[in-house]
Amino acid sequence: VGPSVALAVNAMSFAVSAVGLRMIRFRPRDEVHGVVRRERPLAEFLAGARFLWQQPVLRALTVLLAVFIFLTYGFTDVLVYHVKHDLGGTDGTVGAVLGLAALGTVAGALLVAPLRRRRGFGTAWIGAQLLCGLALAGVGLVNDVRAVTVLTAVYLCGISVGGISSMSLRQEITPDHLLGRVTSAFWSTHYSLGPAGAAVLTWAAGRFGVTAVMLVAGAGSVLVG
């Protein structure tokens with residue numbers, strides 16, 4: 001039906017989500033934990049940033065994730081380019097690759113809890129970064145759509161395990177009254193380099209080829225691990 005209709009359907013899904021969120025009702029804060037004094041938005045953001053910087057594990061996570069996101073934020077764009085221009089796929093091929101590879105996200109969501117219980121946060125998170133790096137490098141080396149699909153699923157599995165691990169750890173460490181402020185500072189900080197990384201990654205793929213770019217991004221992700 002074309003990209004315009006696809007984008008319209010996607011936009012409608014966000015509208016439905018917004019309506020659903022508006023229907024959620026919470027009890028007033030003072031009925032649960034007592035009155036909490038609110039500050040100006042910038043002051044609350046800075047309070048979250050200070051907590052992030054003072055907490056050694058979250059500080060390290062923020063820095064490492066900023067580097068990882070810089071290296072990988074443009075991966076979907078490069079993947080589409082690779083499948084269509086290097087491997088001769090169609091829009092339908094791209095859709096099939098992305099749809100099947102998304103099963104890796106589901107697998108990661110199912111694996112992360114037992115993995116963290118048995119091996120702990122460190123092994124789960126570091127292992128996820130290593131897995132992502134090796135999968136990215138593999139995408140650049142193979143020339144078969146099926147292999148690219150499998151490797152992308154492995155990459156998304158690692159993203160799922162690493163993301164859920166870091167998110168849950170942040171919520172465990174952060175005091176309740178700071179959780180929203182810390183989450184805001186955490187996401188704003190480590191995603192700040194993402195757009196620049198996407199621009200660099202896609203430009204480099206067009207200039208030097210997907211293989212070289214994926215090898216560099218994969219090696220960088222392994223170094224993050």
# chains A, B, ... in the order shown; residues from 1 in each chain; ligands from 1

call {"tool": "closest_atom_pairs", "arguments": {"of": "stretch 63-87 of chain A", "to": "stretch 41-58 of chain A", "cutoff": "12 Å", "atoms": "only C-alpha atoms", "output": "tab-separated table"}}
result
residue	atom	partner	partner_atom	distance
A:Val63	CA	A:Leu58	CA	8.6
A:Leu64	CA	A:Leu58	CA	9.8
A:Leu65	CA	A:Leu58	CA	10.2

call {"tool": "write_last_selection", "arguments": {"atoms": "C-alpha atoms", "output": "JSON list (two decimals), in the first residue's frame"}}
result
[["chain", "number", "residue", "atom", "x", "y", "z"],
["A", 63, "VAL", "CA", 29.18, 6.94, 29.59],
["A", 64, "LEU", "CA", 29.40, 3.48, 28.03],
["A", 65, "LEU", "CA", 25.86, 3.59, 26.68]]

call {"tool": "closest_atom_pairs", "arguments": {"of": "stretch 108-195 of chain A", "to": "stretch 68-75 of chain A", "cutoff": "7 Å", "atoms": "only C-alpha atoms", "output": "Markdown table"}}
result
| residue | atom | partner | partner_atom | distance |
| --- | --- | --- | --- | --- |
| A:Tyr191 | CA | A:Ile69 | CA | 6.7 |
| A:Leu193 | CA | A:Phe70 | CA | 5.4 |
| A:Gly194 | CA | A:Phe70 | CA | 4.8 |

call {"tool": "residues_around", "arguments": {"residues": "A:Leu223", "least_positions_apart": "5", "cutoff": "9 Å", "atoms": "only C-alpha atoms", "output": "number ranges by chain"}}
result
A: 129-130, 133, 218

call {"tool": "select_by_dssp", "arguments": {"residues": "chain A", "states": "helix (DSSP H, G or I)", "output": "ChimeraX atom specification"}}
result
/A:3-22,29-32,41-54,56-72,75-86,91-101,103-141,145-173,176-190,194-208,210-224

call {"tool": "closest_residue", "arguments": {"among": "A:Pro195, A:Gly138, A:Gly89, A:Gly180", "to": "A:Ala217", "atoms": "only C-alpha atoms"}}
result
A:Gly138

call {"tool": "atom_distance", "arguments": {"atom1": "atom CA of A:Ala137", "atom2": "atom CA of A:Val222"}}
result
9.8 Å

call {"tool": "closest_residue", "arguments": {"among": "A:Leu169, A:Ala101, A:Ala6, A:Met12", "to": "A:Phe121", "atoms": "only C-alpha atoms"}}
result
A:Leu169

call {"tool": "atom_distance", "arguments": {"atom1": "atom CA of A:Gly20", "atom2": "atom CA of A:Gly99"}}
result
24.8 Å

call {"tool": "residues_around", "arguments": {"residues": "A:Ser166", "least_positions_apart": "6", "cutoff": "12 Å", "atoms": "only C-alpha atoms", "output": "number ranges by chain"}}
result
A: 57-62, 64-65, 112, 116, 120-126, 128-129, 159-160, 172-173, 183, 186-187

call {"tool": "write_last_selection", "arguments": {"atoms": "N, CA, C and O atoms", "output": "tab-separated table (two decimals), in the first residue's frame"}}
result
chain	number	residue	atom	x	y	z
A	57	VAL	N	28.25	3.03	39.41
A	57	VAL	CA	27.78	2.09	38.40
A	57	VAL	C	26.95	2.81	37.34
A	57	VAL	O	27.14	2.61	36.13
A	58	LEU	N	26.05	3.68	37.78
A	58	LEU	CA	25.21	4.40	36.82
A	58	LEU	C	26.03	5.40	36.01
A	58	LEU	O	25.75	5.64	34.84
A	59	ARG	N	27.06	5.99	36.63
A	59	ARG	CA	27.93	6.89	35.88
A	59	ARG	C	28.63	6.13	34.76
A	59	ARG	O	28.68	6.60	33.61
A	60	ALA	N	29.19	4.97	35.08
A	60	ALA	CA	29.87	4.17	34.06
A	60	ALA	C	28.89	3.73	32.97
A	60	ALA	O	29.20	3.78	31.77
A	61	LEU	N	27.69	3.31	33.38
A	61	LEU	CA	26.68	2.88	32.40
A	61	LEU	C	26.32	4.02	31.45
A	61	LEU	O	26.18	3.80	30.24
A	62	THR	N	26.15	5.21	32.00
A	62	THR	CA	25.77	6.35	31.17
A	62	THR	C	26.82	6.64	30.11
A	62	THR	O	26.52	6.84	28.93
A	64	LEU	N	29.25	4.59	28.97
A	64	LEU	CA	29.40	3.48	28.03
A	64	LEU	C	28.23	3.40	27.06
A	64	LEU	O	28.40	3.12	25.87
A	65	LEU	N	27.03	3.64	27.57
A	65	LEU	CA	25.86	3.59	26.68
A	65	LEU	C	25.88	4.74	25.68
A	65	LEU	O	25.41	4.59	24.55
A	112	VAL	N	16.46	-12.63	29.83
A	112	VAL	CA	17.19	-11.73	30.71
A	112	VAL	C	16.98	-12.02	32.19
A	112	VAL	O	17.94	-11.96	32.99
A	116	ARG	N	20.08	-12.96	34.61
A	116	ARG	CA	20.50	-12.08	35.71
A	116	ARG	C	20.49	-12.79	37.04
A	116	ARG	O	21.34	-12.55	37.89
A	120	GLY	N	24.14	-12.68	37.34
A	120	GLY	CA	24.29	-11.33	37.84
A	120	GLY	C	24.25	-10.28	36.75
A	120	GLY	O	24.33	-10.57	35.56
A	121	PHE	N	24.17	-9.02	37.19
A	121	PHE	CA	24.05	-7.91	36.24
A	121	PHE	C	25.27	-7.80	35.34
A	121	PHE	O	25.16	-7.62	34.13
A	122	GLY	N	26.46	-7.87	35.92
A	122	GLY	CA	27.69	-7.63	35.16
A	122	GLY	C	27.81	-8.57	33.97
A	122	GLY	O	28.06	-8.13	32.84
A	123	THR	N	27.64	-9.85	34.22
A	123	THR	CA	27.76	-10.83	33.14
A	123	THR	C	26.69	-10.61	32.08
A	123	THR	O	26.97	-10.69	30.87
A	124	ALA	N	25.46	-10.34	32.52
A	124	ALA	CA	24.36	-10.14	31.57
A	124	ALA	C	24.62	-8.93	30.69
A	124	ALA	O	24.49	-8.99	29.46
A	125	TRP	N	25.01	-7.81	31.30
A	125	TRP	CA	25.18	-6.57	30.52
A	125	TRP	C	26.42	-6.63	29.63
A	125	TRP	O	26.37	-6.30	28.45
A	126	ILE	N	27.53	-7.06	30.19
A	126	ILE	CA	28.76	-7.13	29.39
A	126	ILE	C	28.60	-8.14	28.27
A	126	ILE	O	29.00	-7.90	27.12
A	128	ALA	N	25.89	-8.97	26.79
A	128	ALA	CA	25.00	-8.40	25.77
A	128	ALA	C	25.76	-7.47	24.84
A	128	ALA	O	25.55	-7.49	23.62
A	129	GLN	N	26.65	-6.65	25.39
A	129	GLN	CA	27.42	-5.74	24.53
A	129	GLN	C	28.35	-6.51	23.60
A	129	GLN	O	28.50	-6.17	22.42
A	159	ILE	N	20.51	-6.34	22.50
A	159	ILE	CA	19.95	-5.04	22.87
A	159	ILE	C	18.89	-5.22	23.95
A	159	ILE	O	18.83	-4.45	24.92
A	160	SER	N	18.06	-6.23	23.80
A	160	SER	CA	16.99	-6.49	24.77
A	160	SER	C	17.55	-6.85	26.13
A	160	SER	O	17.15	-6.29	27.17
A	172	GLU	N	16.46	-0.20	40.62
A	172	GLU	CA	16.78	-0.79	41.92
A	172	GLU	C	17.65	0.15	42.76
A	172	GLU	O	17.49	0.26	43.97
A	173	ILE	N	18.60	0.83	42.10
A	173	ILE	CA	19.57	1.66	42.81
A	173	ILE	C	18.99	3.01	43.20
A	173	ILE	O	19.29	3.55	44.27
A	183	THR	N	15.85	9.03	35.63
A	183	THR	CA	15.51	8.44	34.33
A	183	THR	C	15.60	9.49	33.23
A	183	THR	O	16.14	9.24	32.14
A	186	PHE	N	19.26	10.28	32.63
A	186	PHE	CA	19.94	9.12	32.06
A	186	PHE	C	19.66	8.99	30.57
A	186	PHE	O	20.58	8.91	29.75
A	187	TRP	N	18.39	9.04	30.20
A	187	TRP	CA	18.02	8.89	28.79
A	187	TRP	C	18.50	10.08	27.96
A	187	TRP	O	19.00	9.92	26.84

call {"tool": "decode", "arguments": {"residues": "stretch 147-168 of chain A", "atoms": "N, CA, C and O atoms", "output": "JSON list (two decimals), in the first residue's frame"}}
result
[["chain", "number", "residue", "atom", "x", "y", "z"],
["A", 147, "ALA", "N", 21.31, -14.95, 6.46],
["A", 147, "ALA", "CA", 22.33, -14.78, 7.50],
["A", 147, "ALA", "C", 22.23, -13.41, 8.15],
["A", 147, "ALA", "O", 22.39, -13.27, 9.38],
["A", 148, "VAL", "N", 21.96, -12.39, 7.33],
["A", 148, "VAL", "CA", 21.79, -11.05, 7.88],
["A", 148, "VAL", "C", 20.61, -11.01, 8.85],
["A", 148, "VAL", "O", 20.67, -10.37, 9.90],
["A", 149, "THR", "N", 19.52, -11.69, 8.50],
["A", 149, "THR", "CA", 18.35, -11.74, 9.37],
["A", 149, "THR", "C", 18.68, -12.38, 10.71],
["A", 149, "THR", "O", 18.33, -11.86, 11.78],
["A", 150, "VAL", "N", 19.38, -13.49, 10.69],
["A", 150, "VAL", "CA", 19.76, -14.19, 11.92],
["A", 150, "VAL", "C", 20.66, -13.32, 12.78],
["A", 150, "VAL", "O", 20.47, -13.19, 14.00],
["A", 151, "LEU", "N", 21.66, -12.70, 12.16],
["A", 151, "LEU", "CA", 22.59, -11.87, 12.91],
["A", 151, "LEU", "C", 21.90, -10.63, 13.48],
["A", 151, "LEU", "O", 22.22, -10.19, 14.60],
["A", 152, "THR", "N", 20.95, -10.07, 12.73],
["A", 152, "THR", "CA", 20.20, -8.93, 13.25],
["A", 152, "THR", "C", 19.35, -9.36, 14.45],
["A", 152, "THR", "O", 19.21, -8.61, 15.43],
["A", 153, "ALA", "N", 18.79, -10.57, 14.38],
["A", 153, "ALA", "CA", 18.03, -11.09, 15.52],
["A", 153, "ALA", "C", 18.94, -11.27, 16.74],
["A", 153, "ALA", "O", 18.54, -10.96, 17.88],
["A", 154, "VAL", "N", 20.16, -11.74, 16.52],
["A", 154, "VAL", "CA", 21.12, -11.88, 17.62],
["A", 154, "VAL", "C", 21.44, -10.50, 18.22],
["A", 154, "VAL", "O", 21.50, -10.34, 19.44],
["A", 155, "TYR", "N", 21.65, -9.53, 17.34],
["A", 155, "TYR", "CA", 21.92, -8.17, 17.80],
["A", 155, "TYR", "C", 20.75, -7.64, 18.64],
["A", 155, "TYR", "O", 20.96, -7.08, 19.74],
["A", 156, "LEU", "N", 19.52, -7.81, 18.16],
["A", 156, "LEU", "CA", 18.36, -7.32, 18.90],
["A", 156, "LEU", "C", 18.15, -8.07, 20.21],
["A", 156, "LEU", "O", 17.67, -7.51, 21.19],
["A", 157, "CYS", "N", 18.55, -9.34, 20.24],
["A", 157, "CYS", "CA", 18.51, -10.10, 21.49],
["A", 157, "CYS", "C", 19.45, -9.46, 22.50],
["A", 157, "CYS", "O", 19.11, -9.27, 23.67],
["A", 158, "GLY", "N", 20.67, -9.12, 22.05],
["A", 158, "GLY", "CA", 21.62, -8.46, 22.94],
["A", 158, "GLY", "C", 21.12, -7.11, 23.41],
["A", 158, "GLY", "O", 21.28, -6.74, 24.58],
["A", 159, "ILE", "N", 20.51, -6.34, 22.50],
["A", 159, "ILE", "CA", 19.95, -5.04, 22.87],
["A", 159, "ILE", "C", 18.89, -5.22, 23.95],
["A", 159, "ILE", "O", 18.83, -4.45, 24.92],
["A", 160, "SER", "N", 18.06, -6.23, 23.80],
["A", 160, "SER", "CA", 16.99, -6.49, 24.77],
["A", 160, "SER", "C", 17.55, -6.85, 26.13],
["A", 160, "SER", "O", 17.15, -6.29, 27.17],
["A", 161, "VAL", "N", 18.50, -7.77, 26.16],
["A", 161, "VAL", "CA", 19.10, -8.19, 27.43],
["A", 161, "VAL", "C", 19.81, -7.02, 28.10],
["A", 161, "VAL", "O", 19.63, -6.76, 29.30],
["A", 162, "GLY", "N", 20.63, -6.29, 27.33],
["A", 162, "GLY", "CA", 21.37, -5.18, 27.91],
["A", 162, "GLY", "C", 20.46, -4.05, 28.37],
["A", 162, "GLY", "O", 20.64, -3.50, 29.47],
["A", 163, "GLY", "N", 19.45, -3.72, 27.56],
["A", 163, "GLY", "CA", 18.55, -2.63, 27.91],
["A", 163, "GLY", "C", 17.72, -2.92, 29.14],
["A", 163, "GLY", "O", 17.59, -2.07, 30.04],
["A", 164, "ILE", "N", 17.16, -4.12, 29.22],
["A", 164, "ILE", "CA", 16.35, -4.48, 30.39],
["A", 164, "ILE", "C", 17.22, -4.57, 31.63],
["A", 164, "ILE", "O", 16.83, -4.14, 32.72],
["A", 165, "SER", "N", 18.43, -5.09, 31.48],
["A", 165, "SER", "CA", 19.33, -5.19, 32.63],
["A", 165, "SER", "C", 19.68, -3.81, 33.19],
["A", 165, "SER", "O", 19.61, -3.57, 34.40],
["A", 166, "SER", "N", 20.06, -2.89, 32.30],
["A", 166, "SER", "CA", 20.45, -1.56, 32.78],
["A", 166, "SER", "C", 19.26, -0.79, 33.32],
["A", 166, "SER", "O", 19.37, -0.09, 34.34],
["A", 167, "MET", "N", 18.09, -0.94, 32.70],
["A", 167, "MET", "CA", 16.90, -0.24, 33.17],
["A", 167, "MET", "C", 16.48, -0.72, 34.56],
["A", 167, "MET", "O", 16.20, 0.07, 35.45],
["A", 168, "SER", "N", 16.47, -2.04, 34.75],
["A", 168, "SER", "CA", 16.05, -2.58, 36.04],
["A", 168, "SER", "C", 17.06, -2.25, 37.13],
["A", 168, "SER", "O", 16.68, -1.95, 38.27]]
